[in-house]
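my_file.txt follows; it contains compact mmCIF, C-alpha atoms.
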```txt
# COMPACT_ATOMS: atom_id res chain seq x y z
CA MET A 1 30.53 131.86 2.74
CA PRO A 2 32.02 131.81 -0.77
CA ASP A 3 35.05 129.56 -1.23
CA THR A 4 36.86 132.24 -3.23
CA ASP A 5 38.50 135.46 -2.08
CA TRP A 6 37.07 137.38 -5.07
CA PRO A 7 33.37 136.45 -5.41
CA ASP A 8 32.34 139.77 -7.03
CA VAL A 9 35.23 140.05 -9.49
CA GLN A 10 34.60 139.54 -13.20
CA VAL A 11 37.78 141.11 -14.65
CA HIS A 12 41.04 139.66 -13.32
CA VAL A 13 44.04 141.73 -14.44
CA VAL A 14 47.38 139.90 -14.06
CA SER A 15 50.64 141.85 -14.04
CA GLY A 16 54.17 141.22 -12.86
CA LYS A 17 57.80 142.06 -13.51
CA GLY A 18 59.20 140.48 -16.67
CA GLY A 19 60.44 136.96 -16.04
CA THR A 20 58.14 136.22 -13.10
CA GLY A 21 55.74 134.11 -15.18
CA LYS A 22 52.70 136.39 -15.28
CA SER A 23 51.44 134.80 -18.51
CA THR A 24 51.62 131.35 -16.92
CA VAL A 25 49.72 132.62 -13.89
CA ALA A 26 47.09 134.29 -16.08
CA ALA A 27 46.58 131.07 -18.04
CA SER A 28 46.37 129.00 -14.85
CA LEU A 29 43.86 131.42 -13.35
CA ALA A 30 41.69 131.18 -16.47
CA LEU A 31 41.67 127.39 -16.21
CA ALA A 32 40.93 127.59 -12.48
CA LEU A 33 37.90 129.81 -13.17
CA ALA A 34 36.77 127.40 -15.89
CA SER A 35 37.00 124.55 -13.39
CA ARG A 36 34.09 126.19 -11.59
CA GLY A 37 31.98 125.88 -14.72
CA LYS A 38 32.57 129.43 -15.91
CA THR A 39 33.00 130.66 -19.47
CA VAL A 40 36.27 132.58 -19.42
CA LEU A 41 37.96 134.94 -21.88
CA LEU A 42 41.77 135.01 -21.60
CA CYS A 43 43.23 138.12 -23.28
CA GLU A 44 46.72 139.34 -24.06
CA VAL A 45 47.71 142.81 -25.22
CA GLU A 46 51.47 142.73 -25.80
CA GLY A 47 51.55 140.91 -29.14
CA ARG A 48 53.85 138.14 -27.90
CA GLN A 49 51.45 135.25 -28.58
CA GLY A 50 52.31 133.89 -25.15
CA ILE A 51 48.88 132.32 -24.68
CA ALA A 52 49.17 130.35 -27.93
CA GLN A 53 52.55 129.02 -26.87
CA LEU A 54 51.35 127.99 -23.42
CA PHE A 55 48.32 126.14 -24.76
CA ASP A 56 50.22 124.79 -27.79
CA VAL A 57 47.77 126.20 -30.33
CA ALA A 58 48.17 128.23 -33.51
CA PRO A 59 48.90 131.98 -33.14
CA LEU A 60 45.76 133.81 -32.05
CA PRO A 61 44.05 136.24 -34.42
CA TYR A 62 41.88 139.17 -33.36
CA GLU A 63 39.08 136.70 -32.81
CA GLU A 64 37.81 134.84 -29.75
CA ARG A 65 38.69 131.16 -30.01
CA ARG A 66 38.11 128.32 -27.60
CA ILE A 67 41.45 126.87 -26.52
CA ALA A 68 40.61 124.69 -23.50
CA ARG A 69 37.95 123.27 -21.23
CA GLY A 70 37.90 123.11 -17.46
CA PRO A 71 39.35 120.00 -15.81
CA ASP A 72 35.89 118.45 -15.49
CA GLY A 73 34.87 119.42 -19.01
CA GLU A 74 32.27 121.96 -17.86
CA GLY A 75 33.75 125.43 -18.11
CA GLU A 76 35.47 126.80 -21.21
CA VAL A 77 38.44 129.06 -21.88
CA TYR A 78 38.40 131.30 -24.94
CA ALA A 79 41.44 133.34 -25.92
CA LEU A 80 41.96 136.63 -27.72
CA ALA A 81 45.09 138.52 -28.77
CA ILE A 82 43.96 142.16 -28.73
CA ASP A 83 45.54 144.16 -31.52
CA PRO A 84 45.24 147.99 -31.26
CA GLU A 85 44.81 148.52 -34.99
CA ALA A 86 42.07 145.88 -35.26
CA ALA A 87 40.45 147.27 -32.11
CA LEU A 88 40.40 150.76 -33.63
CA LEU A 89 38.73 149.47 -36.81
CA GLU A 90 36.14 147.69 -34.66
CA TYR A 91 35.67 150.85 -32.62
CA LEU A 92 35.09 152.92 -35.77
CA ALA A 93 32.62 150.34 -37.07
CA MET A 94 30.70 150.13 -33.77
CA TYR A 95 30.50 153.82 -32.84
CA TYR A 96 30.85 155.62 -36.17
CA ARG A 97 29.57 152.93 -38.54
CA LEU A 98 32.71 153.30 -40.64
CA GLY A 99 32.91 149.80 -42.07
CA ARG A 100 34.58 150.13 -45.46
CA ALA A 101 35.78 153.64 -44.68
CA GLY A 102 37.64 152.34 -41.65
CA LYS A 103 39.47 149.79 -43.78
CA LEU A 104 40.42 152.53 -46.23
CA LEU A 105 41.85 154.55 -43.36
CA ASP A 106 43.89 151.52 -42.36
CA ARG A 107 45.19 151.20 -45.92
CA PHE A 108 46.44 154.78 -45.83
CA GLY A 109 48.17 154.26 -42.47
CA VAL A 110 45.83 156.51 -40.49
CA VAL A 111 45.14 153.76 -37.97
CA GLU A 112 48.83 153.19 -37.28
CA PHE A 113 49.36 156.94 -37.01
CA ALA A 114 46.52 157.32 -34.49
CA THR A 115 47.73 154.51 -32.24
CA THR A 116 51.38 155.61 -32.42
CA ILE A 117 51.07 159.37 -32.03
CA ALA A 118 48.82 159.03 -28.97
CA PRO A 119 49.81 156.08 -26.75
CA GLY A 120 46.87 156.86 -24.48
CA VAL A 121 44.50 156.12 -27.35
CA ARG A 122 46.23 152.77 -27.85
CA ASP A 123 45.61 151.79 -24.23
CA VAL A 124 41.99 152.91 -24.42
CA LEU A 125 41.50 150.65 -27.44
CA LEU A 126 43.18 147.68 -25.77
CA THR A 127 41.28 148.00 -22.51
CA GLY A 128 38.17 149.00 -24.44
CA LYS A 129 37.94 145.53 -25.91
CA VAL A 130 38.02 144.08 -22.40
CA TYR A 131 35.30 146.55 -21.40
CA GLU A 132 33.16 145.52 -24.38
CA ALA A 133 33.52 141.81 -23.54
CA ALA A 134 32.67 142.44 -19.89
CA ASN A 135 29.48 144.35 -20.69
CA ARG A 136 27.82 142.13 -23.24
CA ASN A 137 24.22 141.14 -22.81
CA SER A 138 21.31 139.76 -24.80
CA ARG A 139 21.28 142.90 -26.95
CA ASN A 140 24.71 142.00 -28.37
CA LYS A 141 23.47 139.67 -31.07
CA GLY A 142 25.71 136.66 -31.58
CA ALA A 143 28.29 137.87 -29.06
CA ARG A 144 29.37 135.39 -26.42
CA GLU A 145 28.84 136.45 -22.80
CA TYR A 146 31.64 135.71 -20.34
CA ASP A 147 31.41 134.96 -16.63
CA ALA A 148 35.03 136.01 -16.14
CA ILE A 149 37.78 137.75 -18.08
CA VAL A 150 41.49 137.30 -17.38
CA LEU A 151 43.80 139.94 -18.85
CA ASP A 152 47.48 139.12 -19.29
CA ALA A 153 48.46 142.75 -18.84
CA PRO A 154 51.70 144.76 -19.28
CA PRO A 155 54.43 144.49 -16.61
CA THR A 156 54.21 146.19 -13.22
CA GLY A 157 56.34 149.12 -14.38
CA ARG A 158 53.55 150.18 -16.75
CA ILE A 159 50.42 148.64 -15.28
CA THR A 160 49.09 151.72 -13.46
CA GLN A 161 49.57 153.95 -16.50
CA PHE A 162 47.97 151.29 -18.73
CA LEU A 163 44.86 150.93 -16.59
CA ASN A 164 44.50 154.58 -15.69
CA VAL A 165 43.47 155.49 -19.24
CA ASN A 166 41.22 158.38 -18.24
CA ASP A 167 44.13 160.43 -16.92
CA GLU A 168 46.15 159.57 -20.03
CA LEU A 169 43.48 161.11 -22.26
CA ALA A 170 42.50 164.05 -20.07
CA GLY A 171 44.48 166.55 -22.12
CA LEU A 172 43.85 164.86 -25.43
CA ALA A 173 40.09 164.40 -25.48
CA LYS A 174 38.20 166.48 -22.95
CA VAL A 175 34.81 165.70 -24.52
CA GLY A 176 33.39 163.41 -27.18
CA PRO A 177 32.96 159.66 -27.64
CA ILE A 178 36.61 158.74 -27.05
CA ARG A 179 36.59 160.54 -23.70
CA SER A 180 33.22 158.98 -22.83
CA GLN A 181 34.56 155.51 -23.57
CA ALA A 182 37.69 156.20 -21.51
CA ASP A 183 35.54 157.28 -18.57
CA ALA A 184 33.39 154.13 -18.87
CA ILE A 185 36.48 151.91 -18.97
CA THR A 186 37.94 153.64 -15.94
CA ARG A 187 34.71 153.17 -13.97
CA LEU A 188 34.88 149.42 -14.68
CA LEU A 189 38.56 149.13 -13.81
CA ARG A 190 38.09 151.01 -10.53
CA SER A 191 35.00 149.04 -9.51
CA ARG A 192 34.54 145.91 -7.41
CA ARG A 193 34.14 143.97 -10.65
CA THR A 194 37.90 144.24 -11.23
CA ALA A 195 40.96 143.03 -9.32
CA VAL A 196 44.60 143.62 -10.28
CA HIS A 197 46.71 140.63 -9.26
CA LEU A 198 50.50 140.89 -9.18
CA VAL A 199 52.97 138.07 -9.81
CA THR A 200 56.40 137.91 -8.22
CA VAL A 201 59.20 135.52 -7.43
CA LEU A 202 61.17 135.53 -4.19
CA GLU A 203 63.94 137.84 -5.38
CA GLU A 204 64.71 141.37 -4.24
CA MET A 205 63.86 143.35 -7.41
CA PRO A 206 60.55 141.62 -8.28
CA VAL A 207 59.34 141.84 -4.67
CA GLN A 208 60.24 145.53 -4.41
CA GLU A 209 58.58 146.25 -7.76
CA THR A 210 55.46 144.42 -6.57
CA ALA A 211 55.30 146.48 -3.38
CA ASP A 212 55.78 149.70 -5.38
CA ALA A 213 53.05 148.67 -7.84
CA VAL A 214 50.58 148.09 -5.00
CA LYS A 215 51.20 151.63 -3.73
CA GLU A 216 50.82 153.11 -7.22
CA LEU A 217 47.62 151.18 -7.93
CA ARG A 218 46.08 152.29 -4.66
CA ALA A 219 47.09 155.90 -5.29
CA ALA A 220 45.33 155.67 -8.66
CA LYS A 221 42.24 154.18 -6.95
CA LEU A 222 42.62 150.91 -8.84
CA PRO A 223 41.54 147.77 -6.94
CA VAL A 224 44.48 145.64 -5.82
CA GLY A 225 43.81 141.90 -5.80
CA GLY A 226 46.29 139.33 -4.55
CA VAL A 227 50.00 138.62 -4.92
CA VAL A 228 50.98 135.31 -6.49
CA VAL A 229 54.42 134.04 -5.48
CA ASN A 230 55.41 132.01 -8.51
CA LEU A 231 58.12 129.34 -8.90
CA ARG A 232 58.30 128.65 -5.19
CA ARG A 233 60.85 125.97 -4.43
CA PRO A 234 60.17 123.18 -1.90
CA GLN A 235 61.60 123.34 1.61
CA ASP A 236 64.06 120.45 1.28
CA LEU A 237 65.93 121.33 4.47
CA ASP A 238 64.67 122.14 7.93
CA PRO A 239 66.17 125.18 9.75
CA THR A 240 68.62 123.04 11.74
CA ASP A 241 70.07 121.41 8.64
CA ARG A 242 70.37 124.78 6.95
CA GLU A 243 72.30 126.21 9.88
CA ARG A 244 74.67 123.23 9.84
CA LEU A 245 75.31 123.61 6.12
CA GLU A 246 75.91 127.35 6.40
CA ALA A 247 78.37 126.78 9.24
CA GLY A 248 80.21 124.10 7.24
CA LEU A 249 79.96 120.38 7.91
CA GLY A 250 82.48 118.90 10.31
CA ALA A 251 84.82 116.03 9.51
CA GLY A 252 82.47 113.47 11.05
CA GLU A 253 79.50 114.66 8.99
CA ARG A 254 81.60 114.60 5.81
CA THR A 255 82.61 111.04 6.57
CA ARG A 256 78.96 110.03 7.02
CA LEU A 257 78.17 111.69 3.67
CA SER A 258 80.92 109.65 2.02
CA THR A 259 79.53 106.48 3.58
CA ALA A 260 76.01 107.31 2.37
CA LEU A 261 77.29 107.84 -1.18
CA GLU A 262 79.14 104.53 -1.06
CA ARG A 263 76.01 102.68 0.10
CA ALA A 264 74.07 104.25 -2.75
CA GLY A 265 76.60 102.87 -5.21
CA VAL A 266 78.04 106.28 -6.11
CA ARG A 267 81.76 106.40 -6.76
CA HIS A 268 82.96 109.32 -4.71
CA SER A 269 86.06 111.31 -3.97
CA PRO A 270 86.92 114.15 -1.60
CA THR A 271 86.26 116.55 -4.50
CA LEU A 272 82.72 115.21 -4.98
CA VAL A 273 81.99 115.45 -1.26
CA GLU A 274 83.27 119.01 -1.16
CA THR A 275 81.16 119.93 -4.20
CA LEU A 276 78.03 118.51 -2.59
CA VAL A 277 78.71 120.42 0.63
CA ASP A 278 79.17 123.66 -1.35
CA GLU A 279 75.91 123.04 -3.22
CA GLY A 280 74.12 122.44 0.06
CA ARG A 281 75.53 125.64 1.53
CA ASP A 282 74.42 127.64 -1.52
CA HIS A 283 70.94 126.13 -1.27
CA ALA A 284 70.69 126.98 2.43
CA GLU A 285 71.78 130.57 1.84
CA ARG A 286 69.33 130.90 -1.04
CA ARG A 287 66.52 129.67 1.19
CA ASP A 288 67.42 132.30 3.80
CA LEU A 289 67.20 135.03 1.15
CA GLU A 290 63.85 133.70 -0.08
CA ASP A 291 62.49 133.59 3.47
CA ALA A 292 63.44 137.24 3.91
CA GLN A 293 61.62 138.16 0.68
CA ASP A 294 58.66 136.04 1.77
CA SER A 295 58.35 138.19 4.89
CA LEU A 296 58.35 141.34 2.75
CA VAL A 297 55.58 139.91 0.55
CA ALA A 298 53.52 139.12 3.64
CA GLY A 299 54.03 142.73 4.78
CA ILE A 300 52.37 144.11 1.65
CA GLY A 301 49.07 143.31 3.29
CA VAL A 302 47.09 141.62 0.50
CA PRO A 303 46.02 137.99 0.03
CA THR A 304 48.97 135.87 -1.07
CA TYR A 305 49.01 132.71 -3.15
CA SER A 306 51.86 130.37 -4.08
CA LEU A 307 52.62 128.31 -7.14
CA PRO A 308 55.37 125.67 -7.16
CA SER A 309 58.20 125.43 -9.63
CA LEU A 310 57.37 122.50 -11.91
CA PRO A 311 60.23 120.22 -13.01
CA GLY A 312 60.87 120.56 -16.71
CA GLY A 313 58.85 123.74 -17.19
CA THR A 314 55.14 124.30 -17.73
CA ASP A 315 53.15 122.46 -20.39
CA LEU A 316 49.36 122.18 -20.67
CA THR A 317 49.26 119.43 -18.04
CA GLY A 318 51.27 121.69 -15.75
CA LEU A 319 48.82 124.55 -16.32
CA TYR A 320 45.96 122.36 -15.13
CA GLU A 321 48.03 121.41 -12.09
CA LEU A 322 48.72 125.05 -11.27
CA ALA A 323 45.05 125.88 -11.82
CA GLY A 324 44.12 123.33 -9.18
CA VAL A 325 46.58 124.91 -6.75
CA LEU A 326 45.08 128.38 -7.24
CA ARG A 327 41.55 127.04 -6.80
CA ASP A 328 42.50 125.13 -3.64
CA GLN A 329 44.04 128.32 -2.20
CA GLY A 330 40.83 130.28 -2.82
CA MET A 331 41.96 132.59 -5.61
CA CYS A 332 38.91 131.69 -7.70
```
Rewrite the structure from the file as structure tokens, please.
Amino acid sequence: MPDTDWPDVQVHVVSGKGGTGKSTVAASLALALASRGKTVLLCEVEGRQGIAQLFDVAPLPYEERRIARGPDGEGEVYALAIDPEAALLEYLAMYYRLGRAGKLLDRFGVVEFATTIAPGVRDVLLTGKVYEAANRNSRNKGAREYDAIVLDAPPTGRITQFLNVNDELAGLAKVGPIRSQADAITRLLRSRRTAVHLVTVLEEMPVQETADAVKELRAAKLPVGGVVVNLRRPQDLDPTDRERLEAGLGAGERTRLSTALERAGVRHSPTLVETLVDEGRDHAERRDLEDAQDSLVAGIGVPTYSLPSLPGGTDLTGLYELAGVLRDQGMC
């Protein structure tokens, strides 16, 4: 049996509500795939240069660059910031052999006009680059072949529209090469070679948006992958302690807390004790809310993975740590 939940998937699309850390999860997943000796392409399409910031490298051009190796030095992670204008010029050069002519069109603003006036075309170009990278073979001279592609995709509110490019272009291009490319992209994105993973945190709005996105993706016949619960906090208190804190500590318990502080060499006062009790109560109530959201995530009915909240934020070392967690949980 394979030790991954997604043995047939080549294209991993990562989406999530803004602020949930989808870029961090996408980067960690790319490193986790590389840890299995795979050559991975990590792409972003929103122009934020989030990948460059996470890996502490220079801003990415429209060019595939190696930014990391797997933990054991075997696999490799390449990165690409997909720009719609550059993708259109490449598209014109590949399918219409408009090399210099394409650059002239760009100079006159035709490229910007085409990608602005028809947002569906923009999405076809962005996802088209992913399609091209996923379908390379020995006939693509000098082009690197990838075992896996991780796409840091738009947020959940737009992910179904973004991936469902064929419907976006149905009224715009009923025939011709653009429509043919859109159909080919859609076939890839709806196939077993693709999985759309969603990132959430244990808060009401992100969890609800994740559940809604799963329904929308399924309605559009797009393959739902797993849900990654990001920034999960440790369970510092058992249920009994949480109940006691929520009920309010009695006088005897407050006295024992004061004694413990004194033994630890902490100068304390009734105000400090009261502040600590309030903090503990807030933590206990927060844990109850997170547990309720955890149950809702479990009810979505897809494989679920968890990533811890790392003290001090996420640097490159933290990304490798998170990658190990995802691999251990069977996401790759």
* Compile the contact shell of Gly226 of chain A as a list in words: residues with an atom at most 7 Å away, counting all atoms listed in the file, same-chain residues fewer than 2 positions apart removed. =>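 The contact residues come out as His197, Leu198, Val224, Val228, Val302, Pro303 and Thr304 of chain A.
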Using only C-alpha atoms, determine which residues lie at most 9 Å from Arg69 of chain A, disregarding the query and same-chain residues fewer than 5 positions distant; provide the list as a compact mmCIF listing (two decimals) with C-alpha atoms, in the frame of the given file.
```
# COMPACT_ATOMS: atom_id res chain seq x y z
CA LEU A 31 41.67 127.39 -16.21
CA ALA A 34 36.77 127.40 -15.89
CA SER A 35 37.00 124.55 -13.39
CA GLU A 74 32.27 121.96 -17.86
CA GLY A 75 33.75 125.43 -18.11
CA GLU A 76 35.47 126.80 -21.21
CA VAL A 77 38.44 129.06 -21.88
CA TYR A 78 38.40 131.30 -24.94
```
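Minimum atom-to-atom distances from A:Ala52, A:Leu202, A:Ala27, A:Leu276 to Asp152 of chain A were compared using only C-alpha atoms, and the lowest value belongs to A:Ala27.
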I'd like the neighbourhood of segment 158-167 of chain A as a PDB file with C-alpha atoms, keeping the file's coordinate frame, where a residue qualifies if any of its atoms comes within 10 Å (using only C-alpha atoms), though same-chain residues fewer than 5 positions away should be ignored.
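What follows is the written file around.pdb:
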```pdb
ATOM      1  CA  VAL A  13      44.040 141.730 -14.440  1.00  0.00           C
ATOM      2  CA  VAL A  14      47.380 139.900 -14.060  1.00  0.00           C
ATOM      3  CA  SER A  15      50.640 141.850 -14.040  1.00  0.00           C
ATOM      4  CA  GLY A  16      54.170 141.220 -12.860  1.00  0.00           C
ATOM      5  CA  LYS A  17      57.800 142.060 -13.510  1.00  0.00           C
ATOM      6  CA  PRO A 119      49.810 156.080 -26.750  1.00  0.00           C
ATOM      7  CA  GLY A 120      46.870 156.860 -24.480  1.00  0.00           C
ATOM      8  CA  VAL A 121      44.500 156.120 -27.350  1.00  0.00           C
ATOM      9  CA  ARG A 122      46.230 152.770 -27.850  1.00  0.00           C
ATOM     10  CA  ASP A 123      45.610 151.790 -24.230  1.00  0.00           C
ATOM     11  CA  VAL A 124      41.990 152.910 -24.420  1.00  0.00           C
ATOM     12  CA  LEU A 125      41.500 150.650 -27.440  1.00  0.00           C
ATOM     13  CA  LEU A 126      43.180 147.680 -25.770  1.00  0.00           C
ATOM     14  CA  THR A 127      41.280 148.000 -22.510  1.00  0.00           C
ATOM     15  CA  GLY A 128      38.170 149.000 -24.440  1.00  0.00           C
ATOM     16  CA  ALA A 153      48.460 142.750 -18.840  1.00  0.00           C
ATOM     17  CA  LEU A 172      43.850 164.860 -25.430  1.00  0.00           C
ATOM     18  CA  ALA A 173      40.090 164.400 -25.480  1.00  0.00           C
ATOM     19  CA  LYS A 174      38.200 166.480 -22.950  1.00  0.00           C
ATOM     20  CA  ILE A 178      36.610 158.740 -27.050  1.00  0.00           C
ATOM     21  CA  ARG A 179      36.590 160.540 -23.700  1.00  0.00           C
ATOM     22  CA  SER A 180      33.220 158.980 -22.830  1.00  0.00           C
ATOM     23  CA  GLN A 181      34.560 155.510 -23.570  1.00  0.00           C
ATOM     24  CA  ALA A 182      37.690 156.200 -21.510  1.00  0.00           C
ATOM     25  CA  ASP A 183      35.540 157.280 -18.570  1.00  0.00           C
ATOM     26  CA  ALA A 184      33.390 154.130 -18.870  1.00  0.00           C
ATOM     27  CA  ILE A 185      36.480 151.910 -18.970  1.00  0.00           C
ATOM     28  CA  THR A 186      37.940 153.640 -15.940  1.00  0.00           C
ATOM     29  CA  ARG A 187      34.710 153.170 -13.970  1.00  0.00           C
ATOM     30  CA  LEU A 189      38.560 149.130 -13.810  1.00  0.00           C
ATOM     31  CA  ARG A 190      38.090 151.010 -10.530  1.00  0.00           C
ATOM     32  CA  VAL A 196      44.600 143.620 -10.280  1.00  0.00           C
ATOM     33  CA  LEU A 198      50.500 140.890  -9.180  1.00  0.00           C
ATOM     34  CA  ALA A 213      53.050 148.670  -7.840  1.00  0.00           C
ATOM     35  CA  VAL A 214      50.580 148.090  -5.000  1.00  0.00           C
ATOM     36  CA  LYS A 215      51.200 151.630  -3.730  1.00  0.00           C
ATOM     37  CA  GLU A 216      50.820 153.110  -7.220  1.00  0.00           C
ATOM     38  CA  LEU A 217      47.620 151.180  -7.930  1.00  0.00           C
ATOM     39  CA  ARG A 218      46.080 152.290  -4.660  1.00  0.00           C
ATOM     40  CA  ALA A 219      47.090 155.900  -5.290  1.00  0.00           C
ATOM     41  CA  ALA A 220      45.330 155.670  -8.660  1.00  0.00           C
ATOM     42  CA  LYS A 221      42.240 154.180  -6.950  1.00  0.00           C
ATOM     43  CA  LEU A 222      42.620 150.910  -8.840  1.00  0.00           C
TER      44      LEU A 222
END
```
* For Leu296 of chain A, which of A:Leu151, A:Leu29, A:Val207, A:Ala68 is the closest residue, counting all atoms listed in the file? ->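 The answer is A:Val207, which sits nearest to Leu296 of chain A.
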* Asked: Which one is closest to Gly280 of chain A: A:Glu246, A:Asp238, A:Glu64, A:Glu321? Count only C-alpha atoms.
  ->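 Answer, going by the shortest atom-to-atom distance: A:Glu246.
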* If you measure from atom CA of Arg327 of chain A to atom CA of Ile149 of chain A, what distance in Å do you get, rounded to one decimal? -> 16.0 Å
* One decimal, Å: what's the distance from atom CA of Gly21 of chain A over to atom CA of Ala195 of chain A, could you say? =>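 Calculated distance between atom CA of Gly21 of chain A and atom CA of Ala195 of chain A is 18.2 Å.
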* atom CA of Arg65 of chain A to atom CA of Pro155 of chain A, distance in Å rounded to a single decimal -> 24.6 Å
* Could you name the residues that touch Ile300 of chain A at 9 Å or less, counting only C-alpha atoms, but leaving out those on the same chain fewer than 6 positions away, as a PyMOL selection string? -> chain A and resi 210-211+214+227
Box in all listed atoms of segment 319-329 of chain A, axis-aligned, with 5 Å more on each side; write out centre and edge lengths in Å to one decimal as lines of an AutoDock Vina configuration file.
```
center_x = 45.2
center_y = 124.9
center_z = -9.3
size_x = 17.3
size_y = 17.0
size_z = 24.1
```
